>>> print(open('coords_3.txt').read())   # compact mmCIF, N, CA and C atoms
# COMPACT_ATOMS: atom_id res chain seq x y z
N MET A 1379 -18.58 -20.19 -19.86
CA MET A 1379 -19.54 -19.29 -19.26
C MET A 1379 -19.39 -19.28 -17.74
N ASN A 1380 -19.18 -20.44 -17.12
CA ASN A 1380 -19.01 -20.51 -15.68
C ASN A 1380 -17.81 -19.73 -15.20
N SER A 1381 -16.73 -19.71 -16.00
CA SER A 1381 -15.54 -18.99 -15.57
C SER A 1381 -15.81 -17.49 -15.45
N TYR A 1382 -16.68 -16.95 -16.31
CA TYR A 1382 -17.04 -15.54 -16.20
C TYR A 1382 -17.81 -15.26 -14.92
N LYS A 1383 -18.74 -16.16 -14.59
CA LYS A 1383 -19.54 -16.00 -13.39
C LYS A 1383 -18.67 -16.10 -12.14
N ASN A 1384 -17.70 -17.00 -12.16
CA ASN A 1384 -16.81 -17.16 -11.01
C ASN A 1384 -15.89 -15.96 -10.83
N ASN A 1385 -15.52 -15.31 -11.91
CA ASN A 1385 -14.59 -14.19 -11.85
C ASN A 1385 -15.28 -12.83 -11.80
N LEU A 1386 -16.59 -12.81 -11.89
CA LEU A 1386 -17.33 -11.55 -11.92
C LEU A 1386 -17.06 -10.66 -10.71
N PRO A 1387 -17.12 -11.18 -9.46
CA PRO A 1387 -16.84 -10.29 -8.32
C PRO A 1387 -15.43 -9.71 -8.38
N CYS A 1388 -14.47 -10.51 -8.80
CA CYS A 1388 -13.09 -10.04 -8.89
C CYS A 1388 -12.96 -8.95 -9.96
N LEU A 1389 -13.58 -9.19 -11.11
CA LEU A 1389 -13.53 -8.20 -12.19
C LEU A 1389 -14.22 -6.90 -11.79
N LEU A 1390 -15.36 -7.00 -11.12
CA LEU A 1390 -16.06 -5.80 -10.68
C LEU A 1390 -15.23 -5.02 -9.66
N SER A 1391 -14.57 -5.73 -8.74
CA SER A 1391 -13.72 -5.08 -7.75
C SER A 1391 -12.56 -4.36 -8.43
N LEU A 1392 -11.96 -5.03 -9.42
CA LEU A 1392 -10.84 -4.43 -10.15
C LEU A 1392 -11.30 -3.19 -10.90
N PHE A 1393 -12.45 -3.26 -11.56
CA PHE A 1393 -12.99 -2.12 -12.29
C PHE A 1393 -13.26 -0.95 -11.35
N LEU A 1394 -13.88 -1.24 -10.20
CA LEU A 1394 -14.19 -0.20 -9.23
C LEU A 1394 -12.92 0.46 -8.69
N ALA A 1395 -11.92 -0.36 -8.37
CA ALA A 1395 -10.65 0.18 -7.86
C ALA A 1395 -9.99 1.08 -8.90
N ALA A 1396 -9.98 0.64 -10.16
CA ALA A 1396 -9.38 1.46 -11.23
C ALA A 1396 -10.14 2.77 -11.40
N PHE A 1397 -11.47 2.70 -11.37
CA PHE A 1397 -12.28 3.90 -11.50
C PHE A 1397 -12.01 4.90 -10.38
N LEU A 1398 -11.99 4.38 -9.14
CA LEU A 1398 -11.76 5.27 -8.00
C LEU A 1398 -10.37 5.87 -8.03
N LEU A 1399 -9.38 5.09 -8.45
CA LEU A 1399 -8.02 5.61 -8.56
C LEU A 1399 -7.95 6.72 -9.59
N LEU A 1400 -8.54 6.48 -10.77
CA LEU A 1400 -8.53 7.50 -11.82
C LEU A 1400 -9.32 8.73 -11.40
N ALA A 1401 -10.43 8.54 -10.73
CA ALA A 1401 -11.23 9.68 -10.27
C ALA A 1401 -10.44 10.51 -9.26
N GLY A 1402 -9.72 9.86 -8.38
CA GLY A 1402 -8.91 10.58 -7.39
C GLY A 1402 -7.78 11.35 -8.03
N VAL A 1403 -7.13 10.74 -9.02
CA VAL A 1403 -6.03 11.42 -9.72
C VAL A 1403 -6.58 12.63 -10.48
N ALA A 1404 -7.72 12.46 -11.14
CA ALA A 1404 -8.31 13.56 -11.90
C ALA A 1404 -8.71 14.70 -10.98
N SER A 1405 -9.33 14.40 -9.85
CA SER A 1405 -9.78 15.48 -8.96
C SER A 1405 -8.58 16.18 -8.34
N ALA A 1406 -7.51 15.47 -8.05
CA ALA A 1406 -6.32 16.12 -7.50
C ALA A 1406 -5.70 17.05 -8.52
N ALA A 1407 -5.68 16.63 -9.78
CA ALA A 1407 -5.10 17.47 -10.83
C ALA A 1407 -5.95 18.71 -11.06
N GLU A 1408 -7.27 18.55 -11.06
CA GLU A 1408 -8.17 19.69 -11.29
C GLU A 1408 -8.14 20.66 -10.13
N GLY A 1409 -8.06 20.16 -8.93
CA GLY A 1409 -8.13 21.02 -7.75
C GLY A 1409 -6.80 21.68 -7.42
N GLY A 1410 -5.73 21.29 -8.13
CA GLY A 1410 -4.45 21.90 -7.85
C GLY A 1410 -3.82 21.41 -6.55
N ASP A 1411 -4.28 20.26 -6.05
CA ASP A 1411 -3.69 19.71 -4.83
C ASP A 1411 -2.22 19.43 -5.04
N LYS A 1412 -1.46 19.48 -3.96
CA LYS A 1412 -0.04 19.21 -4.03
C LYS A 1412 0.28 17.78 -3.63
N GLU A 1413 -0.76 16.91 -3.64
CA GLU A 1413 -0.53 15.51 -3.31
C GLU A 1413 0.36 14.89 -4.37
N ALA A 1414 1.20 13.96 -3.94
CA ALA A 1414 2.12 13.30 -4.85
C ALA A 1414 2.28 11.85 -4.43
N LEU A 1415 2.85 11.06 -5.32
CA LEU A 1415 3.14 9.66 -5.04
C LEU A 1415 4.64 9.45 -4.98
N ILE A 1416 5.06 8.56 -4.09
CA ILE A 1416 6.46 8.18 -4.01
C ILE A 1416 6.52 6.66 -3.95
N ARG A 1417 7.40 6.08 -4.74
CA ARG A 1417 7.55 4.63 -4.81
C ARG A 1417 8.61 4.18 -3.82
N LEU A 1418 8.29 3.10 -3.09
CA LEU A 1418 9.28 2.48 -2.21
C LEU A 1418 9.93 1.32 -2.94
N ASP A 1419 11.17 1.00 -2.59
CA ASP A 1419 11.84 -0.14 -3.18
C ASP A 1419 11.09 -1.42 -2.83
N THR A 1420 11.28 -2.44 -3.63
CA THR A 1420 10.61 -3.73 -3.45
C THR A 1420 10.97 -4.36 -2.11
N PHE A 1421 9.95 -4.94 -1.47
CA PHE A 1421 10.16 -5.74 -0.26
C PHE A 1421 9.95 -7.20 -0.64
N THR A 1422 10.90 -8.06 -0.30
CA THR A 1422 10.77 -9.50 -0.47
C THR A 1422 11.16 -10.12 0.86
N LEU A 1423 10.16 -10.69 1.56
CA LEU A 1423 10.36 -11.15 2.94
C LEU A 1423 9.62 -12.44 3.21
N ASN A 1424 10.07 -13.14 4.25
CA ASN A 1424 9.32 -14.29 4.77
C ASN A 1424 8.10 -13.78 5.50
N VAL A 1425 7.01 -14.54 5.38
CA VAL A 1425 5.82 -14.26 6.19
C VAL A 1425 5.56 -15.48 7.06
N MET A 1426 4.77 -15.28 8.09
CA MET A 1426 4.49 -16.36 9.04
C MET A 1426 3.51 -17.36 8.43
N GLY A 1427 3.62 -18.59 8.88
CA GLY A 1427 2.70 -19.62 8.43
C GLY A 1427 3.28 -21.00 8.66
N PRO A 1428 2.48 -22.02 8.42
CA PRO A 1428 2.94 -23.38 8.66
C PRO A 1428 4.04 -23.83 7.71
N THR A 1429 4.09 -23.23 6.53
CA THR A 1429 5.16 -23.52 5.57
C THR A 1429 5.90 -22.24 5.27
N GLN A 1430 7.09 -22.38 4.72
CA GLN A 1430 7.89 -21.19 4.39
C GLN A 1430 7.28 -20.51 3.16
N GLN A 1431 6.82 -19.29 3.36
CA GLN A 1431 6.25 -18.51 2.27
C GLN A 1431 6.87 -17.11 2.27
N TYR A 1432 6.84 -16.50 1.11
CA TYR A 1432 7.42 -15.18 0.93
C TYR A 1432 6.37 -14.21 0.40
N ILE A 1433 6.60 -12.95 0.70
CA ILE A 1433 5.79 -11.90 0.10
C ILE A 1433 6.72 -10.99 -0.68
N GLN A 1434 6.29 -10.63 -1.87
CA GLN A 1434 7.00 -9.61 -2.65
C GLN A 1434 6.02 -8.47 -2.83
N LEU A 1435 6.45 -7.29 -2.44
CA LEU A 1435 5.55 -6.15 -2.38
C LEU A 1435 6.21 -4.92 -2.97
N ASP A 1436 5.54 -4.33 -3.94
CA ASP A 1436 5.91 -3.02 -4.47
C ASP A 1436 4.74 -2.10 -4.16
N LEU A 1437 5.04 -0.91 -3.67
CA LEU A 1437 3.96 0.00 -3.33
C LEU A 1437 4.35 1.45 -3.53
N LYS A 1438 3.32 2.26 -3.61
CA LYS A 1438 3.48 3.71 -3.69
C LYS A 1438 2.71 4.32 -2.54
N LEU A 1439 3.26 5.40 -2.02
CA LEU A 1439 2.63 6.14 -0.95
C LEU A 1439 2.13 7.47 -1.52
N LYS A 1440 0.90 7.81 -1.21
CA LYS A 1440 0.35 9.10 -1.59
C LYS A 1440 0.51 10.02 -0.40
N VAL A 1441 1.11 11.18 -0.63
CA VAL A 1441 1.36 12.11 0.47
C VAL A 1441 0.59 13.40 0.25
N ALA A 1442 0.25 14.04 1.37
CA ALA A 1442 -0.57 15.25 1.33
C ALA A 1442 0.23 16.49 0.96
N LYS A 1443 1.49 16.55 1.42
CA LYS A 1443 2.27 17.78 1.25
C LYS A 1443 3.70 17.45 0.83
N PRO A 1444 4.34 18.37 0.12
CA PRO A 1444 5.73 18.14 -0.31
C PRO A 1444 6.69 17.87 0.85
N GLU A 1445 6.41 18.42 2.01
CA GLU A 1445 7.27 18.18 3.19
C GLU A 1445 7.33 16.69 3.51
N ALA A 1446 6.22 16.00 3.31
CA ALA A 1446 6.18 14.57 3.60
C ALA A 1446 7.10 13.80 2.66
N LEU A 1447 7.16 14.21 1.38
CA LEU A 1447 8.07 13.57 0.44
C LEU A 1447 9.51 13.66 0.92
N GLU A 1448 9.90 14.85 1.35
CA GLU A 1448 11.27 15.04 1.83
C GLU A 1448 11.54 14.21 3.08
N ARG A 1449 10.57 14.16 3.98
CA ARG A 1449 10.75 13.36 5.20
C ARG A 1449 10.87 11.88 4.87
N ILE A 1450 10.07 11.40 3.92
CA ILE A 1450 10.15 9.99 3.53
C ILE A 1450 11.54 9.68 2.99
N LYS A 1451 12.06 10.55 2.15
CA LYS A 1451 13.42 10.33 1.61
C LYS A 1451 14.46 10.33 2.73
N THR A 1452 14.33 11.25 3.65
CA THR A 1452 15.29 11.37 4.76
C THR A 1452 15.22 10.17 5.69
N TYR A 1453 14.01 9.73 5.99
CA TYR A 1453 13.80 8.65 6.95
C TYR A 1453 13.68 7.26 6.31
N MET A 1454 14.07 7.12 5.06
CA MET A 1454 13.87 5.85 4.36
C MET A 1454 14.46 4.64 5.10
N PRO A 1455 15.66 4.71 5.68
CA PRO A 1455 16.16 3.54 6.43
C PRO A 1455 15.24 3.17 7.61
N VAL A 1456 14.72 4.16 8.28
CA VAL A 1456 13.81 3.92 9.41
C VAL A 1456 12.50 3.32 8.90
N ILE A 1457 11.98 3.87 7.82
CA ILE A 1457 10.74 3.37 7.24
C ILE A 1457 10.89 1.92 6.81
N ARG A 1458 11.99 1.60 6.12
CA ARG A 1458 12.21 0.21 5.69
C ARG A 1458 12.31 -0.72 6.90
N HIS A 1459 12.98 -0.28 7.96
CA HIS A 1459 13.11 -1.09 9.17
C HIS A 1459 11.73 -1.41 9.75
N TYR A 1460 10.90 -0.38 9.92
CA TYR A 1460 9.57 -0.60 10.48
C TYR A 1460 8.67 -1.41 9.54
N MET A 1461 8.84 -1.23 8.25
CA MET A 1461 8.07 -2.01 7.28
C MET A 1461 8.44 -3.50 7.37
N ILE A 1462 9.73 -3.79 7.51
CA ILE A 1462 10.17 -5.18 7.64
C ILE A 1462 9.59 -5.79 8.91
N LEU A 1463 9.65 -5.04 10.01
CA LEU A 1463 9.07 -5.54 11.26
C LEU A 1463 7.57 -5.81 11.10
N LEU A 1464 6.88 -4.93 10.44
CA LEU A 1464 5.44 -5.09 10.23
C LEU A 1464 5.13 -6.29 9.33
N LEU A 1465 5.79 -6.36 8.19
CA LEU A 1465 5.47 -7.39 7.21
C LEU A 1465 5.80 -8.80 7.69
N THR A 1466 6.86 -8.94 8.46
CA THR A 1466 7.26 -10.27 8.91
C THR A 1466 6.38 -10.81 10.04
N THR A 1467 5.48 -9.99 10.57
CA THR A 1467 4.54 -10.48 11.58
C THR A 1467 3.24 -10.97 10.96
N LYS A 1468 3.09 -10.80 9.67
CA LYS A 1468 1.84 -11.15 8.98
C LYS A 1468 1.84 -12.62 8.57
N GLU A 1469 0.64 -13.20 8.60
CA GLU A 1469 0.46 -14.56 8.12
C GLU A 1469 -0.04 -14.53 6.69
N ALA A 1470 0.48 -15.43 5.88
CA ALA A 1470 0.14 -15.47 4.46
C ALA A 1470 -1.37 -15.56 4.25
N GLU A 1471 -2.04 -16.36 5.03
CA GLU A 1471 -3.49 -16.54 4.86
C GLU A 1471 -4.25 -15.23 5.08
N GLN A 1472 -3.80 -14.41 6.03
CA GLN A 1472 -4.43 -13.10 6.28
C GLN A 1472 -4.31 -12.22 5.05
N LEU A 1473 -3.14 -12.24 4.43
CA LEU A 1473 -2.85 -11.31 3.35
C LEU A 1473 -3.47 -11.72 2.02
N LYS A 1474 -3.98 -12.93 1.94
CA LYS A 1474 -4.58 -13.40 0.69
C LYS A 1474 -5.98 -12.84 0.48
N THR A 1475 -6.60 -12.35 1.55
CA THR A 1475 -7.95 -11.80 1.42
C THR A 1475 -7.89 -10.31 1.10
N ASN A 1476 -8.94 -9.81 0.51
CA ASN A 1476 -9.03 -8.38 0.20
C ASN A 1476 -9.01 -7.56 1.49
N GLU A 1477 -9.72 -8.05 2.52
CA GLU A 1477 -9.76 -7.35 3.80
C GLU A 1477 -8.35 -7.30 4.42
N GLY A 1478 -7.62 -8.40 4.29
CA GLY A 1478 -6.26 -8.44 4.83
C GLY A 1478 -5.35 -7.43 4.14
N LYS A 1479 -5.50 -7.29 2.84
CA LYS A 1479 -4.70 -6.32 2.09
C LYS A 1479 -5.07 -4.88 2.49
N GLN A 1480 -6.37 -4.64 2.65
CA GLN A 1480 -6.81 -3.30 3.05
C GLN A 1480 -6.31 -2.95 4.44
N LYS A 1481 -6.37 -3.92 5.35
CA LYS A 1481 -5.86 -3.69 6.70
C LYS A 1481 -4.36 -3.42 6.67
N LEU A 1482 -3.63 -4.17 5.86
CA LEU A 1482 -2.19 -3.96 5.74
C LEU A 1482 -1.90 -2.56 5.20
N ALA A 1483 -2.65 -2.11 4.22
CA ALA A 1483 -2.45 -0.76 3.67
C ALA A 1483 -2.61 0.30 4.77
N LEU A 1484 -3.62 0.15 5.61
CA LEU A 1484 -3.81 1.09 6.72
C LEU A 1484 -2.65 1.02 7.72
N GLU A 1485 -2.18 -0.18 8.01
CA GLU A 1485 -1.06 -0.33 8.93
C GLU A 1485 0.22 0.27 8.36
N ILE A 1486 0.42 0.12 7.05
CA ILE A 1486 1.59 0.72 6.40
C ILE A 1486 1.51 2.24 6.49
N LYS A 1487 0.33 2.78 6.20
CA LYS A 1487 0.14 4.24 6.28
C LYS A 1487 0.47 4.75 7.68
N ASP A 1488 -0.06 4.09 8.70
CA ASP A 1488 0.20 4.50 10.08
C ASP A 1488 1.67 4.36 10.45
N THR A 1489 2.29 3.27 10.00
CA THR A 1489 3.70 3.00 10.30
C THR A 1489 4.59 4.08 9.70
N VAL A 1490 4.35 4.42 8.46
CA VAL A 1490 5.17 5.44 7.79
C VAL A 1490 4.94 6.80 8.43
N ASN A 1491 3.69 7.15 8.72
CA ASN A 1491 3.41 8.44 9.34
C ASN A 1491 4.08 8.57 10.71
N ARG A 1492 4.11 7.46 11.47
CA ARG A 1492 4.83 7.50 12.76
C ARG A 1492 6.33 7.70 12.53
N ALA A 1493 6.88 7.03 11.52
CA ALA A 1493 8.31 7.13 11.25
C ALA A 1493 8.72 8.55 10.83
N ILE A 1494 7.86 9.20 10.06
CA ILE A 1494 8.20 10.56 9.59
C ILE A 1494 7.64 11.64 10.51
N GLU A 1495 6.97 11.20 11.57
CA GLU A 1495 6.45 12.10 12.60
C GLU A 1495 5.45 13.13 12.05
N LEU A 1496 4.55 12.63 11.20
CA LEU A 1496 3.48 13.46 10.65
C LEU A 1496 2.17 12.70 10.77
N GLY A 1497 1.07 13.44 10.85
CA GLY A 1497 -0.24 12.83 10.84
C GLY A 1497 -0.73 12.63 9.42
N GLU A 1498 -1.85 11.95 9.27
CA GLU A 1498 -2.39 11.68 7.94
C GLU A 1498 -2.70 12.96 7.18
N LYS A 1499 -3.09 14.00 7.89
CA LYS A 1499 -3.43 15.28 7.25
C LYS A 1499 -2.24 15.88 6.50
N ASP A 1500 -1.03 15.69 7.04
CA ASP A 1500 0.17 16.27 6.43
C ASP A 1500 1.09 15.23 5.81
N GLY A 1501 0.90 13.97 6.16
CA GLY A 1501 1.83 12.92 5.73
C GLY A 1501 1.23 12.01 4.67
N VAL A 1502 1.36 10.71 4.90
CA VAL A 1502 0.85 9.70 3.96
C VAL A 1502 -0.66 9.61 4.11
N THR A 1503 -1.36 9.75 2.98
CA THR A 1503 -2.82 9.69 3.00
C THR A 1503 -3.35 8.38 2.44
N ASP A 1504 -2.54 7.68 1.64
CA ASP A 1504 -3.01 6.42 1.05
C ASP A 1504 -1.83 5.58 0.63
N VAL A 1505 -2.09 4.28 0.48
CA VAL A 1505 -1.07 3.31 0.07
C VAL A 1505 -1.64 2.55 -1.12
N PHE A 1506 -0.85 2.44 -2.18
CA PHE A 1506 -1.26 1.70 -3.38
C PHE A 1506 -0.28 0.57 -3.63
N PHE A 1507 -0.80 -0.64 -3.78
CA PHE A 1507 0.04 -1.79 -4.09
C PHE A 1507 0.21 -1.90 -5.60
N ASP A 1508 1.46 -1.94 -6.05
CA ASP A 1508 1.75 -2.20 -7.47
C ASP A 1508 1.92 -3.69 -7.71
N THR A 1509 2.61 -4.36 -6.79
CA THR A 1509 2.83 -5.80 -6.85
C THR A 1509 2.53 -6.37 -5.48
N PHE A 1510 1.81 -7.48 -5.46
CA PHE A 1510 1.50 -8.14 -4.20
C PHE A 1510 1.48 -9.64 -4.49
N VAL A 1511 2.61 -10.30 -4.23
CA VAL A 1511 2.76 -11.72 -4.54
C VAL A 1511 3.10 -12.47 -3.26
N ILE A 1512 2.36 -13.55 -3.03
CA ILE A 1512 2.67 -14.45 -1.91
C ILE A 1512 2.91 -15.83 -2.54
N GLN A 1513 4.06 -16.41 -2.21
CA GLN A 1513 4.34 -17.77 -2.69
C GLN A 1513 5.14 -18.55 -1.70
>>> encode(input="coords_3.txt", output="structure tokens")
Amino acid sequence: MNSYKNNLPCLLSLFLAAFLLLAGVASAAEGGDKEALIRLDTFTLNVMGPTQQYIQLDLKLKVAKPEALERIKTYMPVIRHYMILLLTTKEAEQLKTNEGKQKLALEIKDTVNRAIELGEKDGVTDVFFDTFVIQ
């Protein structure tokens, strides 16, 4: 019984995130939006900290317009370069918190939009983590 109580906030957060994701996908489909998702290749990198730790990250970018998809494909080497620079400045302890992950998602969105030279209105509107492992 105690294990359920200890995991309740985590389970509620997971349920809320899944609900919001599904609601967003449904509204985009109903409204005829041209938003799309693009998957980036896996990142496996060292992160900062007192001991050697790694992050493995799989993510998808939600884009506002088809032009952004093409720019992401064209600028992929630049995007990966900036992503590596960003991720290797992070400390493992920061990224273990929910707030740290949310902040990283915003930084990734801004980094990619700068690389493809588009604003959030026309470029990347959201970042979704598929895999987020620190060890």
>>> residues_around(input="coords_3.txt", residues="Glu1413 (chain A)", least_positions_apart="2", cutoff="6 Å", atoms="only N, CA and C atoms", output="PDB file with N, CA and C atoms, keeping the file's coordinate frame")
ATOM      1  N   ASP A1411      -4.280  20.260  -6.050  1.00  0.00           N
ATOM      2  CA  ASP A1411      -3.690  19.710  -4.830  1.00  0.00           C
ATOM      3  C   ASP A1411      -2.220  19.430  -5.040  1.00  0.00           C
ATOM      4  N   LEU A1415       2.850  11.060  -5.320  1.00  0.00           N
ATOM      5  CA  LEU A1415       3.140   9.660  -5.040  1.00  0.00           C
ATOM      6  C   LEU A1415       4.640   9.450  -4.980  1.00  0.00           C
ATOM      7  N   VAL A1441       1.110  11.180  -0.630  1.00  0.00           N
ATOM      8  CA  VAL A1441       1.360  12.110   0.470  1.00  0.00           C
ATOM      9  C   VAL A1441       0.590  13.400   0.250  1.00  0.00           C
ATOM     10  N   ALA A1442       0.250  14.040   1.370  1.00  0.00           N
ATOM     11  CA  ALA A1442      -0.570  15.250   1.330  1.00  0.00           C
ATOM     12  C   ALA A1442       0.230  16.490   0.960  1.00  0.00           C
ATOM     13  N   LYS A1443       1.490  16.550   1.420  1.00  0.00           N
ATOM     14  CA  LYS A1443       2.270  17.780   1.250  1.00  0.00           C
ATOM     15  C   LYS A1443       3.700  17.450   0.830  1.00  0.00           C
TER      16      LYS A1443
END
>>> atom_distance(input="coords_3.txt", atom1="CA of Lys1481 (chain A)", atom2="atom C of Pro1455 (chain A)")
22.2 Å
>>> closest_residue(input="coords_3.txt", among="A:Leu1464, A:Ile1512, A:Ile1494, A:Ile1457", to="Gln1434 (chain A)", atoms="only C-alpha atoms")
A:Ile1512
>>> closest_residue(input="coords_3.txt", among="A:Pro1444, A:Arg1449, A:Thr1489, A:Phe1507", to="Ala1414 (chain A)", atoms="only N, CA and C atoms")
A:Pro1444
>>> atom_distance(input="coords_3.txt", atom1="CA of Gly1478 (chain A)", atom2="CA of Tyr1432 (chain A)")
15.7 Å
>>> residues_around(input="coords_3.txt", residues="Thr1509 (chain A)", least_positions_apart="4", cutoff="6 Å", atoms="all atoms listed in the file", output="list in words")
Gln1434, Leu1435, Asp1436 and Leu1437 of chain A
>>> atom_distance(input="coords_3.txt", atom1="CA of Gly1427 (chain A)", atom2="atom C of Lys1487 (chain A)")
24.5 Å
>>> select_by_dssp(input="coords_3.txt", residues="region 1410-1510 of chain A", states="alpha helix (DSSP H)", output="MDAnalysis selection string")
chainID A and resid 1444:1452 1454:1465 1470:1473 1476:1494
>>> closest_residue(input="coords_3.txt", among="A:Glu1469, A:Asp1488, A:Glu1498, A:Glu1445", to="Val1425 (chain A)", atoms="only N, CA and C atoms")
A:Glu1469
>>> closest_residue(input="coords_3.txt", among="A:Lys1440, A:Ala1483, A:Ile1462, A:Asp1419", to="Gly1501 (chain A)", atoms="all atoms listed in the file")
A:Lys1440
>>> select_by_dssp(input="coords_3.txt", residues="region 1398-1492 of chain A", states="strand (DSSP E)", output="list in words")
Ala1414, Leu1415, Ile1416, Arg1417, Leu1418, Asp1419, Thr1420, Phe1421, Thr1422, Leu1423, Asn1424, Val1425, Gln1431, Tyr1432, Ile1433, Gln1434, Leu1435, Asp1436, Leu1437, Lys1438, Leu1439, Lys1440 and Val1441 of chain A
>>> write_last_selection(input="coords_3.txt", atoms="N, CA and C atoms", output="PDB file, in the frame of the given file")
ATOM      1  N   ALA A1414       1.200  13.960  -3.940  1.00  0.00           N
ATOM      2  CA  ALA A1414       2.120  13.300  -4.850  1.00  0.00           C
ATOM      3  C   ALA A1414       2.280  11.850  -4.430  1.00  0.00           C
ATOM      4  N   LEU A1415       2.850  11.060  -5.320  1.00  0.00           N
ATOM      5  CA  LEU A1415       3.140   9.660  -5.040  1.00  0.00           C
ATOM      6  C   LEU A1415       4.640   9.450  -4.980  1.00  0.00           C
ATOM      7  N   ILE A1416       5.060   8.560  -4.090  1.00  0.00           N
ATOM      8  CA  ILE A1416       6.460   8.180  -4.010  1.00  0.00           C
ATOM      9  C   ILE A1416       6.520   6.660  -3.950  1.00  0.00           C
ATOM     10  N   ARG A1417       7.400   6.080  -4.740  1.00  0.00           N
ATOM     11  CA  ARG A1417       7.550   4.630  -4.810  1.00  0.00           C
ATOM     12  C   ARG A1417       8.610   4.180  -3.820  1.00  0.00           C
ATOM     13  N   LEU A1418       8.290   3.100  -3.090  1.00  0.00           N
ATOM     14  CA  LEU A1418       9.280   2.480  -2.210  1.00  0.00           C
ATOM     15  C   LEU A1418       9.930   1.320  -2.940  1.00  0.00           C
ATOM     16  N   ASP A1419      11.170   1.000  -2.590  1.00  0.00           N
ATOM     17  CA  ASP A1419      11.840  -0.140  -3.180  1.00  0.00           C
ATOM     18  C   ASP A1419      11.090  -1.420  -2.830  1.00  0.00           C
ATOM     19  N   THR A1420      11.280  -2.440  -3.630  1.00  0.00           N
ATOM     20  CA  THR A1420      10.610  -3.730  -3.450  1.00  0.00           C
ATOM     21  C   THR A1420      10.970  -4.360  -2.110  1.00  0.00           C
ATOM     22  N   PHE A1421       9.950  -4.940  -1.470  1.00  0.00           N
ATOM     23  CA  PHE A1421      10.160  -5.740  -0.260  1.00  0.00           C
ATOM     24  C   PHE A1421       9.950  -7.200  -0.640  1.00  0.00           C
ATOM     25  N   THR A1422      10.900  -8.060  -0.300  1.00  0.00           N
ATOM     26  CA  THR A1422      10.770  -9.500  -0.470  1.00  0.00           C
ATOM     27  C   THR A1422      11.160 -10.120   0.860  1.00  0.00           C
ATOM     28  N   LEU A1423      10.160 -10.690   1.560  1.00  0.00           N
ATOM     29  CA  LEU A1423      10.360 -11.150   2.940  1.00  0.00           C
ATOM     30  C   LEU A1423       9.620 -12.440   3.210  1.00  0.00           C
ATOM     31  N   ASN A1424      10.070 -13.140   4.250  1.00  0.00           N
ATOM     32  CA  ASN A1424       9.320 -14.290   4.770  1.00  0.00           C
ATOM     33  C   ASN A1424       8.100 -13.780   5.500  1.00  0.00           C
ATOM     34  N   VAL A1425       7.010 -14.540   5.380  1.00  0.00           N
ATOM     35  CA  VAL A1425       5.820 -14.260   6.190  1.00  0.00           C
ATOM     36  C   VAL A1425       5.560 -15.480   7.060  1.00  0.00           C
ATOM     37  N   GLN A1431       6.820 -19.290   3.360  1.00  0.00           N
ATOM     38  CA  GLN A1431       6.250 -18.510   2.270  1.00  0.00           C
ATOM     39  C   GLN A1431       6.870 -17.110   2.270  1.00  0.00           C
ATOM     40  N   TYR A1432       6.840 -16.500   1.110  1.00  0.00           N
ATOM     41  CA  TYR A1432       7.420 -15.180   0.930  1.00  0.00           C
ATOM     42  C   TYR A1432       6.370 -14.210   0.400  1.00  0.00           C
ATOM     43  N   ILE A1433       6.600 -12.950   0.700  1.00  0.00           N
ATOM     44  CA  ILE A1433       5.790 -11.900   0.100  1.00  0.00           C
ATOM     45  C   ILE A1433       6.720 -10.990  -0.680  1.00  0.00           C
ATOM     46  N   GLN A1434       6.290 -10.630  -1.870  1.00  0.00           N
ATOM     47  CA  GLN A1434       7.000  -9.610  -2.650  1.00  0.00           C
ATOM     48  C   GLN A1434       6.020  -8.470  -2.830  1.00  0.00           C
ATOM     49  N   LEU A1435       6.450  -7.290  -2.440  1.00  0.00           N
ATOM     50  CA  LEU A1435       5.550  -6.150  -2.380  1.00  0.00           C
ATOM     51  C   LEU A1435       6.210  -4.920  -2.970  1.00  0.00           C
ATOM     52  N   ASP A1436       5.540  -4.330  -3.940  1.00  0.00           N
ATOM     53  CA  ASP A1436       5.910  -3.020  -4.470  1.00  0.00           C
ATOM     54  C   ASP A1436       4.740  -2.100  -4.160  1.00  0.00           C
ATOM     55  N   LEU A1437       5.040  -0.910  -3.670  1.00  0.00           N
ATOM     56  CA  LEU A1437       3.960   0.000  -3.330  1.00  0.00           C
ATOM     57  C   LEU A1437       4.350   1.450  -3.530  1.00  0.00           C
ATOM     58  N   LYS A1438       3.320   2.260  -3.610  1.00  0.00           N
ATOM     59  CA  LYS A1438       3.480   3.710  -3.690  1.00  0.00           C
ATOM     60  C   LYS A1438       2.710   4.320  -2.540  1.00  0.00           C
ATOM     61  N   LEU A1439       3.260   5.400  -2.020  1.00  0.00           N
ATOM     62  CA  LEU A1439       2.630   6.140  -0.950  1.00  0.00           C
ATOM     63  C   LEU A1439       2.130   7.470  -1.520  1.00  0.00           C
ATOM     64  N   LYS A1440       0.900   7.810  -1.210  1.00  0.00           N
ATOM     65  CA  LYS A1440       0.350   9.100  -1.590  1.00  0.00           C
ATOM     66  C   LYS A1440       0.510  10.020  -0.400  1.00  0.00           C
ATOM     67  N   VAL A1441       1.110  11.180  -0.630  1.00  0.00           N
ATOM     68  CA  VAL A1441       1.360  12.110   0.470  1.00  0.00           C
ATOM     69  C   VAL A1441       0.590  13.400   0.250  1.00  0.00           C
TER      70      VAL A1441
END
>>> closest_residue(input="coords_3.txt", among="A:Thr1503, A:Gln1430, A:Asn1491, A:Lys1438", to="Leu1418 (chain A)", atoms="only N, CA and C atoms")
A:Lys1438
